[in-house]
file structure.txt (compact mmCIF, C-alpha atoms (C1' of nucleotides))
# COMPACT_ATOMS: atom_id res chain seq x y z
CA MET P 12 -3.23 22.15 -12.13
CA ASN P 13 -5.54 19.17 -11.88
CA ARG P 14 -9.08 18.11 -12.58
CA LEU P 15 -10.30 19.71 -9.41
CA THR P 16 -8.59 23.06 -9.68
CA GLY P 17 -11.10 25.82 -9.25
CA LYS P 18 -14.01 23.45 -8.82
CA ILE P 19 -14.15 23.40 -5.06
CA HIS P 20 -15.47 26.48 -3.39
CA LEU P 21 -15.54 27.01 0.33
CA ASP P 22 -17.89 29.21 2.27
CA PHE P 23 -16.16 30.03 5.52
CA HIS P 24 -19.28 31.61 6.94
CA SER P 25 -21.89 29.03 6.11
CA GLY P 26 -21.46 27.13 9.33
CA GLU P 27 -21.11 23.90 7.40
CA PRO P 28 -17.78 22.29 8.31
CA LEU P 29 -15.12 22.70 5.66
CA TYR P 30 -14.45 18.99 5.42
CA LEU P 31 -18.12 18.36 4.71
CA GLN P 32 -18.21 21.06 2.06
CA ILE P 33 -15.25 19.45 0.33
CA ALA P 34 -16.62 15.92 0.58
CA ARG P 35 -20.03 16.98 -0.69
CA GLN P 36 -18.64 18.86 -3.67
CA VAL P 37 -16.29 16.05 -4.66
CA GLN P 38 -19.18 13.63 -4.47
CA LEU P 39 -21.25 15.86 -6.73
CA LEU P 40 -18.41 16.07 -9.25
CA VAL P 41 -18.12 12.30 -9.34
CA LEU P 42 -21.85 11.78 -9.67
CA GLY P 43 -21.93 14.43 -12.38
CA GLY P 44 -19.29 12.59 -14.34
CA GLU P 45 -16.69 15.34 -14.16
CA LEU P 46 -14.43 12.92 -12.35
CA ALA P 47 -14.09 9.46 -13.76
CA LEU P 48 -12.84 6.12 -12.52
CA GLY P 49 -9.12 6.21 -11.94
CA ASP P 50 -8.76 9.97 -12.05
CA GLN P 51 -6.24 11.25 -9.58
CA LEU P 52 -7.41 13.88 -7.17
CA PRO P 53 -5.09 16.63 -5.99
CA THR P 54 -3.00 15.67 -3.01
CA VAL P 55 -4.23 16.74 0.37
CA ARG P 56 -1.51 19.38 0.46
CA GLU P 57 -2.22 20.69 -3.03
CA LEU P 58 -5.92 21.11 -2.42
CA ALA P 59 -5.29 22.52 1.02
CA THR P 60 -2.91 25.12 -0.37
CA GLU P 61 -5.38 26.08 -3.07
CA LEU P 62 -8.18 26.44 -0.55
CA ARG P 63 -5.88 28.05 2.01
CA ILE P 64 -6.75 25.60 4.74
CA ASN P 65 -4.86 22.91 6.65
CA PHE P 66 -4.23 19.70 4.77
CA ASN P 67 -5.65 17.70 7.64
CA THR P 68 -9.03 19.13 6.83
CA VAL P 69 -8.75 17.91 3.26
CA SER P 70 -7.54 14.59 4.60
CA ARG P 71 -10.64 14.35 6.73
CA ALA P 72 -12.85 14.96 3.72
CA TYR P 73 -10.96 12.36 1.71
CA ARG P 74 -11.30 9.91 4.59
CA LEU P 75 -15.07 10.24 4.53
CA LEU P 76 -15.14 9.64 0.78
CA HIS P 77 -12.77 6.72 1.14
CA GLU P 78 -15.01 5.09 3.72
CA ASP P 79 -17.86 5.48 1.27
CA ARG P 80 -15.68 3.85 -1.38
CA LEU P 81 -16.05 6.84 -3.63
CA ILE P 82 -12.32 7.41 -3.71
CA SER P 83 -9.25 5.37 -2.89
CA THR P 84 -6.58 6.97 -0.76
CA GLN P 85 -3.20 5.26 -0.78
CA ARG P 86 -0.41 6.44 1.46
CA GLY P 87 2.63 7.39 -0.57
CA ARG P 88 0.75 7.10 -3.85
CA GLY P 89 -2.13 9.51 -3.91
CA THR P 90 -5.90 9.64 -4.09
CA TYR P 91 -7.97 8.26 -6.94
CA ILE P 92 -11.60 8.03 -7.93
CA TRP P 93 -12.98 4.67 -6.96
CA GLU P 94 -15.81 2.93 -8.67
CA GLN P 95 -19.11 3.41 -6.95
CA PRO P 96 -20.80 0.10 -7.54
CA THR P 97 -24.54 -0.04 -7.95
CA GLU P 98 -26.49 -2.31 -5.67
CA GLU P 99 -26.83 -4.84 -8.44
CA SER P 100 -23.21 -4.84 -9.51
CA LEU P 101 -22.33 -5.01 -5.86
CA HIS P 102 -24.28 -8.21 -5.53
CA GLN P 103 -22.65 -9.60 -8.64
CA LEU P 104 -19.24 -8.50 -7.39
CA ARG P 105 -19.84 -10.24 -4.12
CA LYS P 106 -20.51 -13.58 -5.76
CA ILE P 107 -17.52 -13.33 -8.05
CA SER P 108 -15.24 -12.13 -5.33
CA LEU P 109 -16.26 -14.84 -2.93
CA GLU P 110 -15.36 -17.42 -5.52
CA GLU P 111 -12.07 -15.74 -6.34
CA LEU P 112 -11.20 -15.31 -2.69
CA SER P 113 -12.02 -18.92 -1.97
CA ARG P 114 -10.07 -20.29 -4.92
CA ASP P 115 -7.14 -18.11 -4.01
CA TYR P 116 -7.27 -19.35 -0.45
CA LEU P 117 -7.31 -22.99 -1.52
CA VAL P 118 -4.42 -22.46 -3.91
CA GLN P 119 -2.31 -20.83 -1.24
CA VAL P 120 -3.16 -23.47 1.30
CA THR P 121 -2.16 -26.14 -1.17
CA ARG P 122 1.10 -24.34 -1.83
CA LEU P 123 1.79 -24.56 1.86
CA GLY P 124 1.56 -28.29 1.57
CA CYS P 125 -1.65 -28.52 3.52
CA THR P 126 -4.73 -30.39 2.44
CA PRO P 127 -8.12 -28.73 1.95
CA ALA P 128 -9.40 -30.81 4.84
CA GLU P 129 -6.77 -29.30 7.13
CA ALA P 130 -7.76 -25.87 5.89
CA LEU P 131 -11.43 -26.44 6.66
CA ASP P 132 -10.48 -27.75 10.09
CA GLU P 133 -8.42 -24.64 10.73
CA LEU P 134 -11.25 -22.38 9.62
CA ASN P 135 -13.69 -24.16 11.89
CA ARG P 136 -11.21 -23.95 14.75
CA ILE P 137 -10.85 -20.20 14.31
CA LEU P 138 -14.60 -19.76 13.99
CA SER P 139 -15.29 -21.78 17.11
CA THR P 140 -12.80 -19.88 19.22
CA GLY P 141 -14.54 -16.86 17.82
CA ASP P 142 -11.84 -14.23 18.30
CA LEU P 143 -11.75 -13.11 14.73
CA THR P 144 -10.45 -9.60 15.05
CA ASP P 145 -13.38 -7.63 13.81
CA THR P 146 -13.18 -5.02 11.14
CA PRO P 147 -15.40 -2.13 12.26
CA GLU P 148 -16.72 -1.25 8.77
CA ASP P 149 -18.22 1.85 7.45
CA ASP P 150 -20.49 4.14 9.34
CA GLY P 151 -21.17 5.91 6.10
CA ILE P 152 -21.83 9.58 5.69
CA SER P 153 -24.93 11.43 4.78
CA PHE P 154 -24.66 14.74 3.11
CA ASP P 155 -27.95 15.99 4.44
CA SER P 156 -27.65 19.45 5.78
CA MET W 29 8.83 -14.34 -17.90
CA ASN W 30 10.09 -15.95 -14.76
CA ARG W 31 9.00 -18.21 -11.98
CA LEU W 32 7.11 -15.44 -10.27
CA THR W 33 5.26 -13.98 -13.22
CA GLY W 34 1.59 -13.70 -12.46
CA LYS W 35 1.94 -15.17 -9.02
CA ILE W 36 2.12 -11.98 -7.01
CA HIS W 37 -1.13 -10.10 -6.61
CA LEU W 38 -1.42 -6.73 -4.96
CA ASP W 39 -4.48 -5.29 -3.30
CA PHE W 40 -4.12 -1.52 -3.32
CA HIS W 41 -7.14 -1.13 -1.07
CA SER W 42 -6.37 -3.62 1.65
CA GLY W 43 -4.37 -1.23 3.77
CA GLU W 44 -1.57 -3.76 4.05
CA PRO W 45 1.65 -2.15 2.79
CA LEU W 46 2.63 -3.28 -0.68
CA TYR W 47 6.10 -4.35 0.39
CA LEU W 48 4.59 -6.62 3.03
CA GLN W 49 2.15 -8.13 0.57
CA ILE W 50 5.05 -8.97 -1.73
CA ALA W 51 7.25 -10.38 1.02
CA ARG W 52 4.44 -12.50 2.41
CA GLN W 53 3.52 -13.96 -0.95
CA VAL W 54 7.10 -14.76 -1.87
CA GLN W 55 7.48 -16.50 1.46
CA LEU W 56 4.42 -18.59 0.78
CA LEU W 57 5.74 -19.57 -2.64
CA VAL W 58 8.99 -20.72 -1.07
CA LEU W 59 7.20 -22.63 1.63
CA GLY W 60 5.00 -24.22 -0.97
CA GLY W 61 8.01 -25.38 -2.89
CA GLU W 62 7.22 -23.41 -6.02
CA LEU W 63 10.50 -21.63 -5.52
CA ALA W 64 13.51 -23.72 -4.69
CA LEU W 65 17.08 -23.14 -3.62
CA GLY W 66 19.01 -21.25 -6.24
CA ASP W 67 16.05 -20.06 -8.25
CA GLN W 68 16.43 -16.52 -9.46
CA LEU W 69 13.70 -14.09 -8.60
CA PRO W 70 12.74 -11.34 -11.02
CA THR W 71 14.82 -8.21 -10.69
CA VAL W 72 13.39 -5.43 -8.62
CA ARG W 73 12.67 -3.51 -11.79
CA GLU W 74 11.02 -6.42 -13.56
CA LEU W 75 8.66 -7.18 -10.72
CA ALA W 76 7.98 -3.51 -10.15
CA THR W 77 7.07 -3.02 -13.79
CA GLU W 78 4.78 -6.03 -13.74
CA LEU W 79 3.04 -4.81 -10.61
CA ARG W 80 3.07 -1.18 -11.77
CA ILE W 81 4.77 0.11 -8.66
CA ASN W 82 8.12 1.67 -7.89
CA PHE W 83 11.06 -0.71 -7.82
CA ASN W 84 12.13 0.59 -4.43
CA THR W 85 8.99 -0.93 -3.00
CA VAL W 86 10.02 -4.30 -4.38
CA SER W 87 13.52 -3.68 -3.08
CA ARG W 88 12.11 -3.13 0.37
CA ALA W 89 10.26 -6.43 0.22
CA TYR W 90 13.40 -8.21 -0.94
CA ARG W 91 15.37 -6.61 1.89
CA LEU W 92 12.95 -8.05 4.43
CA LEU W 93 13.27 -11.50 2.93
CA HIS W 94 17.04 -11.12 2.75
CA GLU W 95 17.18 -10.27 6.44
CA ASP W 96 15.14 -13.40 7.07
CA ARG W 97 17.75 -15.36 5.09
CA LEU W 98 15.06 -16.56 2.74
CA ILE W 99 16.65 -14.94 -0.29
CA SER W 100 20.04 -13.57 -1.21
CA THR W 101 20.21 -10.21 -2.92
CA GLN W 102 23.46 -9.29 -4.62
CA ARG W 103 24.03 -5.92 -6.15
CA GLY W 104 24.80 -6.27 -9.83
CA ARG W 105 23.91 -9.96 -9.87
CA GLY W 106 20.35 -10.43 -8.90
CA THR W 107 18.20 -12.07 -6.27
CA TYR W 108 18.11 -15.76 -5.54
CA ILE W 109 16.37 -18.13 -3.21
CA TRP W 110 18.85 -18.64 -0.42
CA GLU W 111 18.05 -21.35 2.01
CA GLN W 112 15.38 -23.95 2.04
CA PRO W 113 13.87 -24.05 5.49
CA THR W 114 14.45 -27.18 7.50
CA GLU W 115 11.62 -29.64 7.80
CA GLU W 116 11.05 -28.57 11.34
CA SER W 117 10.94 -24.84 10.73
CA LEU W 118 8.86 -25.58 7.68
CA HIS W 119 6.36 -27.42 9.82
CA GLN W 120 6.31 -24.58 12.29
CA LEU W 121 5.88 -21.98 9.59
CA ARG W 122 3.18 -24.01 7.92
CA LYS W 123 1.08 -24.03 11.04
CA ILE W 124 1.52 -20.32 11.54
CA SER W 125 0.92 -19.53 7.91
CA LEU W 126 -2.15 -21.71 7.71
CA GLU W 127 -3.63 -19.79 10.60
CA GLU W 128 -2.65 -16.45 9.06
CA LEU W 129 -4.05 -17.43 5.69
CA SER W 130 -7.27 -18.64 7.24
CA ARG W 131 -7.79 -15.58 9.38
CA ASP W 132 -7.02 -13.39 6.41
CA TYR W 133 -9.54 -15.25 4.32
CA LEU W 134 -12.26 -14.94 6.95
CA VAL W 135 -11.62 -11.23 7.39
CA GLN W 136 -11.81 -10.61 3.66
CA VAL W 137 -14.93 -12.68 3.32
CA THR W 138 -16.55 -10.76 6.12
CA ARG W 139 -15.52 -7.50 4.53
CA LEU W 140 -17.35 -8.61 1.41
CA GLY W 141 -20.49 -8.88 3.43
CA CYS W 142 -20.64 -12.63 3.34
CA THR W 143 -21.02 -14.88 6.35
CA PRO W 144 -18.47 -17.55 7.29
CA ALA W 145 -21.13 -20.14 6.57
CA GLU W 146 -21.43 -18.89 2.99
CA ALA W 147 -17.66 -19.01 2.70
CA LEU W 148 -17.49 -22.60 3.85
CA ASP W 149 -20.28 -23.51 1.45
CA GLU W 150 -18.36 -21.89 -1.39
CA LEU W 151 -15.17 -23.72 -0.45
CA ASN W 152 -16.99 -27.04 -0.40
CA ARG W 153 -18.62 -26.25 -3.70
CA ILE W 154 -15.26 -25.53 -5.31
CA LEU W 155 -13.72 -28.63 -3.79
CA SER W 156 -16.56 -30.86 -4.95
CA THR W 157 -16.53 -29.54 -8.50
CA GLY W 158 -12.89 -30.40 -8.59
CA ASP W 159 -10.14 -28.48 -10.30
CA LEU W 160 -8.23 -25.69 -8.71
CA THR W 161 -5.79 -25.86 -11.53
CA ASP W 162 -7.48 -23.37 -13.79
CA THR W 163 -8.04 -20.25 -11.82
CA PRO W 164 -9.25 -17.42 -14.00
CA GLU W 165 -6.76 -14.98 -12.43
CA ASP W 166 -8.61 -11.76 -12.90
CA ASP W 167 -7.76 -9.04 -10.42
CA GLY W 168 -10.59 -6.79 -11.40
CA ILE W 169 -10.10 -3.08 -11.37
CA SER W 170 -6.74 -1.45 -11.05
CA PHE W 171 -5.96 2.16 -10.62
CA ASP W 172 -2.97 2.70 -12.81
CA SER W 173 -1.84 6.25 -12.60
C1' DT S 11 -19.01 30.10 34.21
C1' DA S 12 -17.00 25.68 33.43
C1' DA S 13 -17.13 21.42 31.19
C1' DA S 14 -17.75 19.02 26.90
C1' DC S 15 -17.63 18.68 22.23
C1' DA S 16 -16.59 19.54 17.26
C1' DA S 17 -13.73 21.65 13.80
C1' DT S 18 -9.39 22.94 12.53
C1' DG S 19 -4.41 23.28 12.89
C1' DA S 20 0.61 21.71 14.01
C1' DT S 21 3.78 18.13 14.27
C1' DA S 22 5.78 13.75 13.73
C1' DC S 23 5.49 9.64 11.19
C1' DA S 24 4.97 5.61 7.61
C1' DA S 25 4.61 4.10 2.80
C1' DT S 26 5.76 5.01 -1.69
C1' DC S 27 8.24 7.18 -5.30
C1' DA S 28 12.15 9.71 -7.93
C1' DT S 29 16.85 10.21 -8.61
C1' DA S 30 21.54 9.40 -8.37
C1' DC S 31 24.84 5.96 -7.27
C1' DA S 32 27.83 1.54 -6.77
C1' DA S 33 28.83 -3.25 -7.88
C1' DT S 34 28.80 -6.84 -11.13
C1' DA S 35 28.56 -8.87 -15.65
C1' DA S 36 28.72 -8.61 -20.54
C1' DA S 37 30.35 -6.54 -24.66
C1' DT S 38 33.77 -4.08 -27.23
C1' DC S 39 38.14 -3.00 -28.91
C1' DA S 40 43.20 -2.34 -29.14
C1' DT A 14 44.56 -11.39 -23.74
C1' DG A 15 43.50 -7.39 -21.15
C1' DA A 16 41.66 -2.90 -20.60
C1' DT A 17 37.63 -0.14 -21.29
C1' DT A 18 32.98 0.73 -22.09
C1' DT A 19 28.15 -0.40 -21.65
C1' DA A 20 24.26 -2.52 -19.60
C1' DT A 21 22.12 -4.55 -15.68
C1' DT A 22 21.65 -5.23 -10.91
C1' DG A 23 20.65 -3.75 -6.11
C1' DT A 24 21.31 0.46 -2.78
C1' DA A 25 21.25 5.01 -0.58
C1' DT A 26 19.09 9.31 0.04
C1' DG A 27 15.64 12.48 -0.01
C1' DA A 28 11.03 14.11 -1.73
C1' DT A 29 6.10 13.24 -1.87
C1' DT A 30 1.80 11.54 -0.06
C1' DG A 31 -1.50 10.12 3.29
C1' DT A 32 -2.08 9.08 8.57
C1' DA A 33 -1.93 9.34 13.64
C1' DT A 34 -1.81 12.11 17.57
C1' DC A 35 -2.37 15.88 20.12
C1' DA A 36 -3.03 21.05 20.65
C1' DT A 37 -5.88 25.02 19.74
C1' DT A 38 -10.08 27.45 18.89
C1' DG A 39 -14.85 28.30 19.12
C1' DT A 40 -19.46 26.76 20.27
C1' DT A 41 -22.75 24.33 22.91
C1' DT A 42 -24.52 22.72 27.23
C1' DA A 43 -25.14 21.69 32.04
call {"tool": "encode", "arguments": {"input": "structure.txt", "output": "structure tokens"}}
result
Amino acid sequence: MNRLTGKIHLDFHSGEPLYLQIARQVQLLVLGGELALGDQLPTVRELATELRINFNTVSRAYRLLHEDRLISTQRGRGTYIWEQPTEESLHQLRKISLEELSRDYLVQVTRLGCTPAEALDELNRILSTGDLTDTPEDDGISFDS
Amino acid sequence: MNRLTGKIHLDFHSGEPLYLQIARQVQLLVLGGELALGDQLPTVRELATELRINFNTVSRAYRLLHEDRLISTQRGRGTYIWEQPTEESLHQLRKISLEELSRDYLVQVTRLGCTPAEALDELNRILSTGDLTDTPEDDGISFDS
DNA sequence: TAAACAATGATACAATCATACAATAAATCA
DNA sequence: TGATTTATTGTATGATTGTATCATTGTTTA
């Protein structure tokens, strides 16, 4: 038993892929407030058993939601509702996080025994060589049908 | 309270395994001299409780560091800093770690949606305003379960 | 019809957690 | 003092959870 039990319904004849049905319905539940920040979702196997489908299909739905930052999937731990930041809070978050990240970086560099100047040099070196392994980043999903 | 309290920060969303995050950060603290030969690390259970994870995950991190001869874990006794790296290996590790730290920083910044230029600006701003000593140390949202 | 593609399933795997255990130290008691 | 118990420490083993990879199935398309 969990907060999703009985709340996901699949239509095997609708033509809409199962993983999209799941993702869409979870999204609606979050937007509707039935699932709150930090709530744990059923495991992929639990939900799959309940819906009588393969757990990889649930996993695919969860992956979509994870990429949209609606949920947080953590191997070995489980799946949890993730905060969906508004555009504004996102902007705010960005500023704060950049400062935190930067301070953290400087602290760690200092711990290493390096000077900030060396750090900036290193950053510029990396940037100039330009082979910063790129993170692909979200392609997002649209639930238009 | 111990010499590690508050100095290990986990990112549950980064995708980097928790045990690697712990091992890496402990290594940095040793390299930075904040942990010295003979210092006792928190017990696996202490650190696990603080980080709200299972103590076996901490144990795995400690095992890595033990295999690297950086710490000495002794059943029934505890975990201690084992050997202080030589100046030479320290120098080597510093170079590698500085590059790792810097790349990591750039990746995270990019993930935030900021440009490297903005990051460098922020770093310079922090450096010009002075003190790194008082970092607010807020890790934002956590998904305790 | 055959090739290409998308959705789903099967299998093996990696990270984390839960539980029971073993080694050491500290406390207790005869 | 010396044996025994208790608490604390790290370890071993297996279960749980999500992921990667490829196979299978059905549909679309050339």
call {"tool": "residues_around", "arguments": {"input": "structure.txt", "residues": "DG23 in chain A", "least_positions_apart": "3", "cutoff": "9 Å", "atoms": "all atoms listed in the file", "output": "JSON, numbers by chain"}}
result
{"W": [71, 72, 87, 101, 102, 103, 104, 105, 106, 107], "S": [32, 33]}
call {"tool": "interface_residues", "arguments": {"input": "structure.txt", "of": "chain P", "to": "chain W", "cutoff": "7 Å", "atoms": "all atoms listed in the file", "output": "MDAnalysis selection string"}}
result
chainID P and resid 49 105 109:110 113:114 116 118 120 122:124 133:134
call {"tool": "residues_around", "arguments": {"input": "structure.txt", "residues": "range 21-27 of chain S", "least_positions_apart": "2", "cutoff": "12 Å", "atoms": "all atoms listed in the file", "output": "PyMOL selection string"}}
result
(chain P and resi 67+85-89) or (chain W and resi 40+43-48+76+80-88) or (chain S and resi 19+29) or (chain A and resi 27-36)
call {"tool": "atom_distance", "arguments": {"input": "structure.txt", "atom1": "CA of Gly34 in chain W", "atom2": "CA of Glu111 in chain W"}}
result
23.2 Å
call {"tool": "atom_distance", "arguments": {"input": "structure.txt", "atom1": "CA of His94 in chain W", "atom2": "CA of Thr77 in chain W"}}
result
20.9 Å
call {"tool": "residues_around", "arguments": {"input": "structure.txt", "residues": "DG15 in chain A", "least_positions_apart": "2", "cutoff": "12 Å", "atoms": "only C-alpha atoms (C1' of nucleotides)", "output": "PyMOL selection string"}}
result
(chain S and resi 38-40) or (chain A and resi 17)
call {"tool": "calpha_fit_and_write", "arguments": {"input": "structure.txt", "fixed": "chain W", "moving": "chain P", "output": "short mmCIF file (atom, residue, chain, number, x, y, z; two decimals) with C-alpha atoms, in the frame of the given file"}}
result
data_model
loop_
_atom_site.label_atom_id
_atom_site.label_comp_id
_atom_site.auth_asym_id
_atom_site.auth_seq_id
_atom_site.Cartn_x
_atom_site.Cartn_y
_atom_site.Cartn_z
CA MET P 12 21.99 -0.52 1.10
CA ASN P 13 20.17 -3.83 1.26
CA ARG P 14 20.56 -7.46 0.36
CA LEU P 15 19.66 -6.79 -3.22
CA THR P 16 21.86 -3.80 -3.88
CA GLY P 17 23.91 -4.37 -6.98
CA LYS P 18 22.49 -7.82 -7.58
CA ILE P 19 19.85 -6.91 -10.10
CA HIS P 20 21.04 -6.00 -13.53
CA LEU P 21 18.81 -4.76 -16.29
CA ASP P 22 19.39 -5.06 -19.99
CA PHE P 23 17.37 -2.32 -21.62
CA HIS P 24 18.02 -3.71 -25.07
CA SER P 25 17.29 -7.37 -24.58
CA GLY P 26 13.64 -7.06 -25.46
CA GLU P 27 12.70 -8.91 -22.30
CA PRO P 28 10.36 -6.72 -20.25
CA LEU P 29 12.02 -5.06 -17.29
CA TYR P 30 9.51 -6.42 -14.82
CA LEU P 31 10.23 -9.95 -16.00
CA GLN P 32 13.97 -9.42 -15.73
CA ILE P 33 13.54 -8.27 -12.15
CA ALA P 34 11.17 -11.08 -11.20
CA ARG P 35 13.40 -13.71 -12.76
CA GLN P 36 16.54 -12.47 -11.05
CA VAL P 37 14.87 -12.20 -7.65
CA GLN P 38 13.59 -15.73 -8.06
CA LEU P 39 17.08 -16.95 -8.87
CA LEU P 40 18.48 -15.22 -5.79
CA VAL P 41 15.89 -16.88 -3.59
CA LEU P 42 16.43 -20.29 -5.12
CA GLY P 43 20.17 -19.80 -4.78
CA GLY P 44 19.81 -19.09 -1.09
CA GLU P 45 21.11 -15.54 -1.26
CA LEU P 46 17.77 -14.37 0.05
CA ALA P 47 16.31 -16.20 2.98
CA LEU P 48 12.91 -16.49 4.60
CA GLY P 49 11.90 -13.22 6.19
CA ASP P 50 14.51 -11.09 4.47
CA GLN P 51 13.21 -7.69 3.54
CA LEU P 52 13.55 -6.68 -0.06
CA PRO P 53 14.21 -3.08 -1.03
CA THR P 54 11.08 -1.00 -1.35
CA VAL P 55 9.67 -0.54 -4.80
CA ARG P 56 10.94 3.03 -4.78
CA GLU P 57 14.42 2.12 -3.56
CA LEU P 58 14.95 -0.54 -6.18
CA ALA P 59 13.40 1.63 -8.84
CA THR P 60 15.74 4.49 -8.01
CA GLU P 61 18.74 2.19 -8.08
CA LEU P 62 17.72 0.76 -11.43
CA ARG P 63 16.63 4.17 -12.72
CA ILE P 64 13.18 3.00 -13.69
CA ASN P 65 9.64 3.75 -12.51
CA PHE P 66 8.63 2.15 -9.24
CA ASN P 67 5.49 0.80 -10.84
CA THR P 68 7.65 -1.50 -12.89
CA VAL P 69 9.26 -2.87 -9.75
CA SER P 70 5.81 -3.15 -8.23
CA ARG P 71 4.71 -5.22 -11.18
CA ALA P 72 7.63 -7.58 -10.72
CA TYR P 73 6.91 -7.87 -7.01
CA ARG P 74 3.26 -8.57 -7.79
CA LEU P 75 4.20 -11.52 -9.96
CA LEU P 76 6.43 -12.92 -7.22
CA HIS P 77 3.74 -12.32 -4.64
CA GLU P 78 1.20 -14.25 -6.69
CA ASP P 79 3.70 -17.08 -6.82
CA ARG P 80 4.04 -16.84 -3.05
CA LEU P 81 7.75 -16.29 -3.35
CA ILE P 82 7.53 -12.96 -1.58
CA SER P 83 5.00 -11.22 0.62
CA THR P 84 4.14 -7.64 -0.18
CA GLN P 85 2.37 -5.71 2.56
CA ARG P 86 1.11 -2.21 1.98
CA GLY P 87 2.65 0.20 4.45
CA ARG P 88 5.08 -2.41 5.74
CA GLY P 89 7.30 -3.60 2.95
CA THR P 90 8.19 -6.68 0.97
CA TYR P 91 9.61 -9.86 2.45
CA ILE P 92 10.79 -13.24 1.25
CA TRP P 93 8.04 -15.77 1.64
CA GLU P 94 8.54 -19.44 2.15
CA GLN P 95 8.26 -21.43 -1.01
CA PRO P 96 6.69 -24.63 0.20
CA THR P 97 7.54 -27.89 -1.48
CA GLU P 98 4.73 -29.98 -2.83
CA GLU P 99 4.98 -32.29 0.14
CA SER P 100 5.09 -29.61 2.79
CA LEU P 101 2.25 -27.95 0.96
CA HIS P 102 0.16 -31.05 1.38
CA GLN P 103 1.09 -31.27 5.03
CA LEU P 104 0.36 -27.57 5.48
CA ARG P 105 -3.02 -28.01 3.92
CA LYS P 106 -4.06 -30.68 6.39
CA ILE P 107 -2.82 -28.73 9.38
CA SER P 108 -4.30 -25.51 8.20
CA LEU P 109 -7.67 -27.02 7.50
CA GLU P 110 -7.80 -28.28 11.04
CA GLU P 111 -6.65 -24.97 12.47
CA LEU P 112 -9.07 -23.02 10.32
CA SER P 113 -11.92 -25.29 11.31
CA ARG P 114 -11.15 -25.19 15.02
CA ASP P 115 -10.80 -21.44 14.86
CA TYR P 116 -14.13 -21.17 13.10
CA LEU P 117 -15.89 -23.31 15.70
CA VAL P 118 -14.36 -21.34 18.55
CA GLN P 119 -15.48 -18.05 17.08
CA VAL P 120 -18.94 -19.35 16.34
CA THR P 121 -19.23 -20.54 19.91
CA ARG P 122 -18.10 -17.15 21.16
CA LEU P 123 -20.97 -15.66 19.22
CA GLY P 124 -23.30 -17.78 21.25
CA CYS P 125 -24.25 -19.99 18.36
CA THR P 126 -24.23 -23.75 18.39
CA PRO P 127 -22.14 -25.85 16.01
CA ALA P 128 -25.37 -27.13 14.51
CA GLU P 129 -26.40 -23.58 13.64
CA ALA P 130 -22.99 -23.04 12.11
CA LEU P 131 -23.27 -26.12 9.92
CA ASP P 132 -26.75 -25.04 8.87
CA GLU P 133 -25.41 -21.62 7.93
CA LEU P 134 -22.57 -23.14 5.94
CA ASN P 135 -24.95 -25.39 4.07
CA ARG P 136 -27.26 -22.45 3.42
CA ILE P 137 -24.42 -20.42 1.93
CA LEU P 138 -23.23 -23.37 -0.12
CA SER P 139 -26.68 -24.07 -1.48
CA THR P 140 -27.30 -20.49 -2.52
CA GLY P 141 -23.92 -20.82 -4.13
CA ASP P 142 -22.92 -17.16 -4.37
CA LEU P 143 -19.66 -17.52 -2.57
CA THR P 144 -17.70 -14.63 -3.92
CA ASP P 145 -14.94 -16.40 -5.73
CA THR P 146 -11.30 -15.69 -5.24
CA PRO P 147 -9.70 -15.77 -8.70
CA GLU P 148 -6.41 -17.39 -7.59
CA ASP P 149 -3.07 -17.46 -9.16
CA ASP P 150 -2.41 -17.66 -12.84
CA GLY P 151 1.20 -18.24 -12.01
CA ILE P 152 4.14 -17.08 -14.03
CA SER P 153 6.61 -18.97 -16.08
CA PHE P 154 10.02 -17.57 -16.58
CA ASP P 155 10.54 -19.28 -19.89
CA SER P 156 11.93 -16.95 -22.43
#
call {"tool": "atom_distance", "arguments": {"input": "structure.txt", "atom1": "CA of Ala89 in chain W", "atom2": "CA of Thr33 in chain W"}}
result
16.2 Å
call {"tool": "interface_residues", "arguments": {"input": "structure.txt", "of": "chain A", "to": "chain W", "cutoff": "8 Å", "atoms": "all atoms listed in the file", "output": "list in words"}}
result
DT21, DT22, DG23 and DT24 of chain A
call {"tool": "residues_around", "arguments": {"input": "structure.txt", "residues": "DA14 in chain S", "least_positions_apart": "2", "cutoff": "12 Å", "atoms": "all atoms listed in the file", "output": "VMD selection string"}}
result
(chain S and resid 12 16) or (chain A and resid 40 to 43)
call {"tool": "residues_around", "arguments": {"input": "structure.txt", "residues": "DA37 in chain S", "least_positions_apart": "4", "cutoff": "10 Å", "atoms": "all atoms listed in the file", "output": "MDAnalysis selection string"}}
result
chainID A and resid 18:20
